[in-house]
Every structure is written in structure tokens, then in C-alpha cells.
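Participant: Quick one: the structure is below, and I'll ask about it shortly.
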Amino acid sequence: MSVDTSKVATSNTSAATAKQPTRIGKITQWSDERLGLAAMGKKNLRKIFPDHWSFMLGEIALWSFVVLLITGVFLTLWFKPSMADVTYQGSYPNLRGIEMSQAYASSLDISFDVRGGLLLRQMHHWAAMLFIAAMMIHLLRVFFTGAHRKPRELNWVIGSLLLILGTLEGFTGYSLPDDLLSGTGVRAADGFIQAIPIVGTYIGFFLFGGEFPGDSIIPRLYTIHVLLIPGLLLALIAAHMLLLVYHKHTQWPGPGRKETNVVGYPMLPVYAAKAGGFFFITFGVTAVMGAVLSLNPVWKFGPYDPTKVTAGSQPDWYMGWPDGALRIMPGWESHFWGHTWSWNIFVPVILMPTLSWILLTILPFLEAWITGDKREHHLLQRPRNAPTRTAFMVSLMTWYAMFWLAGGNDLIAIKLHSSINNITYALRVLVFVGPAIAFFITRRWCIALQRHDNETLLHGYETGVIMRSPEGGYSEKHLAINEAKAYAITVRDRGPEGAGEDDGPTAKGKTTLRDRLRTLYYADDVQKPTVEELEEAHHHAEHEAHALAGIEGHAADGHQFDGHHLVEDENLRGDHQH
Amino acid sequence: MSDSHELEHSIEAHTDELLPDPGLPEHHWRPTDVDPRAERRAERQVATFFGLSVLCTVLFVVFYVTLRTGINGQKIIGLGASNVALGLTLGGAFLFIGIGVIQWARKLMADVELVEERHPASSSAEDRSATLAALQAGLEESGIARRPLIRNTLIGSVGLLIAPAVVMLRDLGPLPGDKLKHTVWTKNMRVVRDVVGTPIRPSDLEIGDLVNAEPEIIFGTSDGQPLPEGQVLEGADLQVAKAKAATVLLRMDPADIVSDVTRNWSIDGIVAYSKICTHVGCPISLNERTTHHLLCPCHQSTFDLADSGKVIFGPAGRHLPQLPIGVDSEGYIVALSDYPEPVGPSFWERDTKSPSEIADEWSKENGQ
């Protein structure tokens, strides 16, 4: 794998070819004699990573986690995770002399008396939001492009664990300052735990060290927040990255990019520089956000008091969807034999999120079970080429979005001057109808795009050039898309038959649930053209080109600037040489 | 490794390619590769970015020393100057390094795309059978299959080690007992304002007035006299007591009261209800004056205070518990008992009954 670097950055050329043992050589020798790293380095230092903007989404999650670790360590230097009563004597006048927990007092000190403390708090909080948002968008990218398929299913499971742990980490984090808003969240969490049948009351008493609020919950959440969950996150992120390196990154199909290779830039130096540079960008953006975007001003909420609450109390955005489910759930409770089962809490915040998470985690296995596909996949799919999968995820996104909207039903009512009752009733219907509509629209949309692909492949793209025939008829001139694009479009599976070992309908002689699902999964899928169709279309195109040859280069000239061609060596006016 | 092995152990390239693969596009040299002036310009750009980062870092230290923090510090665009200045300079210090490094990679590092072959995720068939053989040999030599006694006792003893971990968690907190079923309210305890702790006479309230109240014990007094040292609630005990005992008093036109229970437990149209939502426990505090409806700001459960705290909207599953109230010899509002049922969110051991059943039981117990 030699690279023609004859012209690359001439200043670089002197370093590589020295015959004397260089300093790098000496260091390598010293460390290799002790650690034996050369064997690993040989394989990995020049490892190839393919390039695409969407591969950066996971990096945002990774680097915001690093920002969280750095800012978090600084915050622990001043934060005191104690619920002991203190009288605030710090520099914020509005709360001076007021009784509060030490946790809240130290949060105020960090905000007002530690130089850069507020910046650290805001950076930490913004990075947490970025972390979870980036994980979610990365998840969507992976699923929409089919990167969750074999052999990467286990990395999907790890990612799904990271998502739920990140969410819990966020909740435990924003509960720590012990202000009125965060205390209200902990109050609700206590209610959630007590809604668990049979053991809920006991779990609540053990977690809180007795009845709510007690004086143990903040120190316990702190240990979970700074030790337990970050440790798990770190280990899982390491595993996620190791698997990424082992599997090698997926890539988009295209000329020279096949299932059996990976095309891109080497880790050293290009990818290391780009990814490493991106850490600095992520950190810098977080710092700028912390500088100018105020977030969670705990001093405005006051210390937690179990008898007080503010209107418009809402959790951080990523906890909004179970909160929304909680708001629109009908008030069902069962009372029997001296016991109470709160379906109105258990279903929306315990059962529904748990089942949703399980469904998310098993999605790659579920899909493979339906399609029967047992092959390895390293080329990405365009979302349109898996209409049912794409539609299913959009449907899940709609489900999430409707619950998320419900989490702000009071704010929507205020902003739109409408009845909160009606908004709640409407959302009760929309959480079920919305996903169904989204599924239908997305699926048909994908299929339409598949048709469009075939159309451009067979008949070329529309040039926008209208031709008039000698008979007076009008037609639009179509031109073939370029070779590379045409090739990229045709690299895709051809329906269920192409999906691999099919032990479906015929094997058992009767139609199973799985067979029916498979039929539905591929129903109405538009296959890429056959060889015959393609040849016929080419033949037709040649004929048309011949018919139009007479006017080529005259009135319709300039169509090469329509964005479908390389125009580097073209001049609009031929006489205008530079 | 023979060719047949190579064939077996390779990725199944499954897609029937309709068109021939045109192969990787030709590499084009960038201006920085062929034009020494462009190259030097790019080099200067990268160095300039790094220089700007240094400038930002220096400014960060300068601002750290010179700007005051907190509410009395200087202001920029309505925000604390210290926070804005430190954040922007720190952000700049990092951003410029990032931009510089990426510019370096894009303009000056080789941009030739390289190709690397992929291998299947699985090991080769040889490796797999060797591993299986080693595994089998190991298991064989340990004799674990032939000695079920050892195997089973080992599994049992290791499995049991979960017990100390679980048992250790027992002292995380006390058992619930019937703690959730009672509050600090007792018979004849005065109902006082929750901020200042002063007792309330019925005549203090106009129709439509709502008062946030607590039992007098929260303020360490009984009938206006300080309690002895040992009976004053402090720390976590005080927070727990407040969290459950919080109460709202509302005066309405007695004619508006719908249910008999509510009327029996009221005085002159004044009713007392638990302030803790029966949904997940937020303090309920939004009062609709004309309808006697109380709305929880957390999840919008709405309760009708004229009708035994019945749920009329939202996710709550149960009515709001009512506190029976009366007037003591000095004319102050007092509780006639603790809440007749548990307050706050549901829990498994809660024996839930209708307001009339609760009122019947209460009457028997209190002989009225």
C-alpha cells in the first residue's frame, strides 16, 4: 500500500527517509522491547477510516463525554454532596440567611464565588445534553443506513446500554444541586418507585434511607453519578470503540468501495488529526455555549422545600417523553384486598420505557429474524432501500415525539391559548395514530424514491432542456447520469431472495408468523432493474441521442453545467482562455 | 494457507452488480500539493490559528485575574462578564487549535484515499477448531464433566456469594412499616400558616382565600407555647414531616359544597386538604377561585375541593385526602385527627377506599 507522496507537503519528505536511528526510532525500540507494541502498531497506525459527514455524529457523543469527565472532575472539587442544614452566607444576596442543604449552598458557591465555576457548571450541563442528543442521532444514522446488521449487532446493544446509562447519568446529575426544580424531580422519582407493585415501597425506603426526602438521597445519587455510572460508561465506550476498530468502519458503496474493502484515509496522520482536532472543536463549542447560553440557573429556583413547587416544572429534555406519557395517561388505579396498583404511574414511567428500551435493543436481531439475512454487511444502505425498516424507525420517532410534546402540554396550552384538556385528549389519540400515519407516509415515500432511482438509472436525469421536433412535438432531453453515480445506485440487494439463507415458507409447508412478517417487510419494494431492462434502456437512449444529435452543441449548450458533470476543464465561452 | 481456505474464510460479496465497478476515481492534486505559494499560505494559516489559541489562553488568565464573579461583577450583554469572558476565551483557545489541526490535515497531509482489505469478523476455520480443541482439552483435564459433585457445589457456593452483597444492602434504610400511613397531624393540633407559623381563625379567611398551612409542630410550638427540647422536629425528620403534612385551607361558600363528607369536615365553608398530589407527590398549588378546583403544576391533575377532592382531570387515580377540622377554645382552626387515610402518591400496601367509607370508619373511631 504505497502512496504517491511525491508532491505532498514537500516539507514532510525529509523526515521519513533518514537512515540513522531517529529519535522516534529509538523511542519505538525502547518501548517495543518492553511492551511489544510494534506488532499492534503495524496493523493499526495506518488503519483506514472511510470519510462521510454522518460518521462524525458518534464522535460528538464521544468527545462530549470527555468534556463531561474533565468539567465533572473540576466540579467535584467544590461540590459538597450533603443534605446537612446550613445557613447560606455566600455572595448571592437574595438567598443570604436562608436555610438550605449544603449541596445547594455549594452549588451557589460554584455559581457565584468560584471564578469560572458557573462556566464549568454550564459546560457540564450543556455537554450532558449534547452527549445524549448525539447518541440518539448517531443511533438513528446507524439504523437508517443498516449499519446495525451483522456483524455489528452486539455493538448496537452496547450503544443501547450507553443510551440508557447516559440518561440515568443525566437524571442523577441534574438532581444533585438540590434546588426546588431538581428536588421536585426527585419527589416524582420517589412516586415512580413506590408505584412498582409489591417491592416499590421497600425499594423507596432503602434508596432514600427512609421516607422522602430524608438526608441520604443526594450523597447516594452523587456516588452513582461520579463513580458507578461513569465507570460503566467508560468501560462500555471502550468496548464500543474496540469493536469499531475490529469490525472496521462501514462505508457507502461507490466506485472501488466494496463489501470486501474499506477505502479512506489512514489513522495516522489524517484521521488522528481530524478526529483529534474535532475534540478541540467540541470542547470549544461547549465552552462558548457555557459562556453565552444560560442553563439551569439554580439560584432562581431557591432551595428545595417539599411543600413548594413552581409552575411549568419540567425535567431535562431527554426525560421529557416518559414525563409526557405520565401526563396523558388516564388515571387508572386498581384497588383490591387492601392494596393499590397505580397503572397511571407504572405503565407510563416503568413499563413503557422498559419495553421501549428492550425493543430498541433487540431491533437488529428482530430484523435479521424477519429477513432471514445471515450475511455480513459492510456497505451502508440508503434509507429508501429498506422502506419498512426506515418507516418503522420514523414511526418510533413519532411515538417518541408525541410523548415528548405531551411533556410540555401545559406550555403548549399557554402559548397557543388553548385548553390543556383538549391538548391532552388529542395527544392520547396522536401517540397511537401519529406513528401509524408516519409509518405509511415514510414507507410510500421510500418506495417513490426507489422508483425515482430506477427512473434516473434507466432514462437518465431531466436536463431541463426542452426540444421541439420538426413535427412540432415537445420533449425534455434526458441525459445519462455519470458512471460512478449509476454504479453506486445499483449496488443493493434484490429483494428477499437476495437476503440469504431462506428457511421460510416452503421449508415447513405452512405459513408462519415469520413468513407473513417477511412478506410484509418486502411488500411493494421496488427492485433495481434487471440486466435486460438496463440494456433495453441503453438502446433506447442511444436511439434518442442519435435523433437529437443534430442540435447537440447549439441552443442547448451549457447543460454540462447542470451539476451532474465535472466541469473543471470546461469554459462557458470557448474563446475566453486565461 | 491454501486457496480453498481463503475462499471459505472471506466475506460473502452478495450484491449482484448490475454495472461494472468503474474503480476508484483518479486522485487530483490540491493547489497546496503543486503550488509552493499555496502550501506556504496554508502553513501560515495553520500557525496563525495556533497563535490565536495562545492569545485566547493568555486572555483567559488575564480575565480570570481581573474580572469579578457573582451578582456584583461586571456585565456584558446582560450576562456576567467573568463567565462570558472566561467561556469565550476558553472556547477560542480550544476552537482555534481544532480548526488549525483540521486545516493542516485537509491542506497539507496526504489526501490520497487508500484501500484496505476487510476480513470476516469470524476467525478462520482452523483457528476456530483449534480453540474448540483447546477448550475441550481444558475441560477434559479439569474433569468438570465427570465430577458433577465438584461442579455443582462450586456453582452453588459461588452463586450464594450474592447473599452477602444483598444482605449488606438491608441497612440502606428502615422498613416501611406503617410510616407512610400517618402524618404528624394529631387531634387538636393547630393549623398554622406555612411560612410564619401563626395560627388561623375562621374569620381570617374571606370566601375564595387559599392558605398554605402546616401543623403547628413543624414550628416547634404547641398552642403557641414552645415545645420541650426533645419534641422539636429537626433535620431530616422535619423535612419528612413537612413533606407529608403540607395542607391547603380554602374558604368557599358553604352552599357550594357538594359532598356530605366535605361538609361534615369543614367549618363555615373552610375545607382542609392534603397539599401532596395523589399522583406522584408534587405539592398542588394552583387554585381556580371560581370553581374550587386545585391543579397540580407537575402533571395537571385537577381535584374538586367541593366534592371530597374528587379527580376531575389528569393522571391522578385517587381523590385528595381531606383533613377534618374544627375550632379550639381560643377560636383557632385545629385538626380533629390525623388524615383519615394515607396522603401522597400510591404505594402497594395502601388500602384505598372511597371518601364515604373513610368517613364512616372515621366517625366510628372518633365517636361522632
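As shown in the C-alpha cells, the chain order sets the letters A, B, ...; within each chain, residues go from 1, and ligands are also counted from 1 in the order they appear.
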Residues of range 147-313 of chain B in strand (DSSP E or B) according to DSSP, as an NGL selection string?
Facilitator: :B and (190-193 or 199 or 210-215 or 221-222 or 225-226 or 247-251 or 267 or 270-274 or 276 or 283 or 286-288 or 293-295 or 302-304 or 310-313)
Participant: Tell me, as a VMD selection string, which residues lie within 8 Å of range 443-457 of chain A, counting only C-alpha atoms; anything in the same chain fewer than 2 positions away does not count.
Facilitator: chain A and resid 383 to 388 390 to 391 439 to 441 459 to 461 480 to 481 486 489 524 to 529
Participant: Taking only C-alpha atoms into account, which of B:Leu169, B:Ala125, B:His27, B:Asn152 comes nearest Glu113 in chain B?
Facilitator: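 Selected residue with least distance to Glu113 in chain B: B:His27.
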Participant: What are the DSSP alpha helix (DSSP H) residues of range 90-288 of chain B, as a ChimeraX atom specification?
Facilitator: /B:90-107,125-142,148-160,162-168,235-245,260-264
Participant: Kindly give the distance, in Å, that separates CA of Arg190 in chain B and CA of Tyr332 in chain B, rounded to a single decimal.
Facilitator: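 Computing it gives 6.9 Å between the two atoms.
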Participant: Which residues are close to Ser82 in chain B, i.e. within 7 Å by only C-alpha atoms, leaving aside same-chain residues fewer than 6 positions away? Reply as a ChimeraX atom specification.
Facilitator: /B:63,67-69
Participant: Can those selected residues be exported to a file as an mmCIF file, in the first residue's frame so that it contains N, CA and C atoms?
Facilitator:
```cif
data_model
loop_
_atom_site.group_PDB
_atom_site.id
_atom_site.type_symbol
_atom_site.label_atom_id
_atom_site.label_comp_id
_atom_site.auth_asym_id
_atom_site.auth_seq_id
_atom_site.Cartn_x
_atom_site.Cartn_y
_atom_site.Cartn_z
ATOM 1 N N PHE B 63 -8.383 37.556 32.227
ATOM 2 C CA PHE B 63 -9.758 37.775 32.694
ATOM 3 C C PHE B 63 -10.009 37.078 34.031
ATOM 4 N N LEU B 67 -11.424 40.012 36.346
ATOM 5 C CA LEU B 67 -12.877 40.185 36.415
ATOM 6 C C LEU B 67 -13.450 39.559 37.679
ATOM 7 N N ARG B 68 -14.418 40.270 38.276
ATOM 8 C CA ARG B 68 -15.081 39.734 39.462
ATOM 9 C C ARG B 68 -16.237 38.836 39.047
ATOM 10 N N THR B 69 -16.507 37.840 39.862
ATOM 11 C CA THR B 69 -17.630 36.941 39.572
ATOM 12 C C THR B 69 -18.854 37.387 40.357
#
```
Participant: Which residues are close to range 162-167 of chain A, i.e. within 7 Å by only C-alpha atoms, leaving aside same-chain residues fewer than 3 positions away? Reply as a list in words.
Facilitator: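 Final neighbour list, sorted by chain and number: Ile132, Met135, Ile158, Gly159, Gly170, Phe171, Ile229, Leu233 and Leu236 of chain A.
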Participant: Those residues with C-alpha atoms, as an mmCIF file, in the first residue's frame please?
Facilitator:
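Result written to result-v3.cif:
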```cif
data_model
loop_
_atom_site.group_PDB
_atom_site.id
_atom_site.type_symbol
_atom_site.label_atom_id
_atom_site.label_comp_id
_atom_site.auth_asym_id
_atom_site.auth_seq_id
_atom_site.Cartn_x
_atom_site.Cartn_y
_atom_site.Cartn_z
ATOM 1 C CA ILE A 132 -27.396 12.295 24.864
ATOM 2 C CA MET A 135 -26.008 9.401 20.939
ATOM 3 C CA ILE A 158 -23.616 -1.725 23.737
ATOM 4 C CA GLY A 159 -24.804 1.552 22.223
ATOM 5 C CA GLY A 170 -28.133 12.856 33.353
ATOM 6 C CA PHE A 171 -31.005 12.405 35.792
ATOM 7 C CA ILE A 229 -22.342 5.048 36.071
ATOM 8 C CA LEU A 233 -19.967 4.275 30.618
ATOM 9 C CA LEU A 236 -18.762 0.347 27.518
#
```
Participant: What's the 10 Å shell around Ala325 in chain A, counting only C-alpha atoms, without same-chain residues fewer than 2 positions away, as a ChimeraX atom specification?
Facilitator: /A:320-323,327-330,344-345,347-349,352-353,400,402-407,427-428,431 /B:299,315
Participant: Please list as a PyMOL selection string every residue within 10 Å of Ile71 in chain B, counting only C-alpha atoms and excluding residues in the same chain fewer than 3 positions away.
Facilitator: (chain A and resi 91-94+111-113) or (chain B and resi 68+74-75+79-80)
Participant: Store the residues picked out above, limited to C-alpha atoms, as a PDB file, in the first residue's frame.
Facilitator:
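Dumped everything to part31.pdb:
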```
ATOM      1  CA  SER A  91     -22.343  36.334  47.904  1.00  0.00           C
ATOM      2  CA  TYR A  92     -25.808  35.945  46.341  1.00  0.00           C
ATOM      3  CA  PRO A  93     -27.849  38.472  48.338  1.00  0.00           C
ATOM      4  CA  ASN A  94     -31.339  37.159  47.595  1.00  0.00           C
ATOM      5  CA  SER A 111     -22.035  29.646  40.548  1.00  0.00           C
ATOM      6  CA  PHE A 112     -21.078  32.902  42.266  1.00  0.00           C
ATOM      7  CA  ASP A 113     -17.825  32.644  44.194  1.00  0.00           C
TER       8      ASP A 113
ATOM      9  CA  ARG B  68     -15.081  39.734  39.462  1.00  0.00           C
ATOM     10  CA  GLN B  74     -19.270  43.459  35.700  1.00  0.00           C
ATOM     11  CA  LYS B  75     -21.820  42.736  32.986  1.00  0.00           C
ATOM     12  CA  LEU B  79     -24.660  38.348  31.406  1.00  0.00           C
ATOM     13  CA  GLY B  80     -21.905  38.045  33.978  1.00  0.00           C
TER      14      GLY B  80
END
```
Participant: Between CA of Gly281 in chain B and CA of Ser301 in chain B, what is the distance, to one decimal in Å?
Facilitator: 11.0 Å
Participant: Excluding Ala523 in chain A and any residue of its chain fewer than 4 positions from it, enumerate the residues within 10 Å of it, using only C-alpha atoms, and give them as a list in words.
Facilitator: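 Within the cut-off, the hits are Pro387, Thr388, Gly495, Pro496, Leu517, Arg518 and Thr519 of chain A.
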Participant: Output N, CA and C atoms for every residue in the selection just made, as a PDB file, in the first residue's frame.
Facilitator:
```
ATOM      1  N   PRO A 387     -37.417   0.238   2.880  1.00  0.00           N
ATOM      2  CA  PRO A 387     -38.572   1.090   3.214  1.00  0.00           C
ATOM      3  C   PRO A 387     -39.237   0.727   4.539  1.00  0.00           C
ATOM      4  N   THR A 388     -39.382  -0.561   4.820  1.00  0.00           N
ATOM      5  CA  THR A 388     -40.085  -0.940   6.046  1.00  0.00           C
ATOM      6  C   THR A 388     -39.262  -0.581   7.276  1.00  0.00           C
ATOM      7  N   GLY A 495     -34.296  -7.751  -3.214  1.00  0.00           N
ATOM      8  CA  GLY A 495     -35.443  -8.360  -2.557  1.00  0.00           C
ATOM      9  C   GLY A 495     -35.123  -9.498  -1.625  1.00  0.00           C
ATOM     10  N   PRO A 496     -36.161 -10.154  -1.116  1.00  0.00           N
ATOM     11  CA  PRO A 496     -35.965 -11.188  -0.092  1.00  0.00           C
ATOM     12  C   PRO A 496     -35.114 -12.347  -0.596  1.00  0.00           C
ATOM     13  N   LEU A 517     -44.546 -11.826   8.271  1.00  0.00           N
ATOM     14  CA  LEU A 517     -43.797 -10.585   8.526  1.00  0.00           C
ATOM     15  C   LEU A 517     -42.810 -10.315   7.397  1.00  0.00           C
ATOM     16  N   ARG A 518     -42.181 -11.379   6.914  1.00  0.00           N
ATOM     17  CA  ARG A 518     -41.191 -11.196   5.847  1.00  0.00           C
ATOM     18  C   ARG A 518     -41.869 -10.673   4.581  1.00  0.00           C
ATOM     19  N   THR A 519     -43.026 -11.237   4.292  1.00  0.00           N
ATOM     20  CA  THR A 519     -43.767 -10.768   3.115  1.00  0.00           C
ATOM     21  C   THR A 519     -44.106  -9.290   3.267  1.00  0.00           C
TER      22      THR A 519
END
```
Participant: So, counting only C-alpha atoms, which residue among B:Leu233, B:Leu227, B:Ile11, B:Asp209 is closest to Ser124 in chain B?
Facilitator: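 For Ser124 in chain B, the nearest of the given residues is B:Ile11.
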Participant: Which one of A:Ile466, A:Pro306, A:Leu227, A:Glu536 sits closest to Ala245 in chain B if you count only C-alpha atoms?
Facilitator: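 Between A:Ile466, A:Pro306, A:Leu227, A:Glu536, the residue approaching Ala245 in chain B most closely is A:Pro306.
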Participant: How many Å separate CA of Trp126 in chain A from CA of Leu180 in chain A?
Facilitator: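 CA of Leu180 in chain A lies 20.1 Å from CA of Trp126 in chain A.
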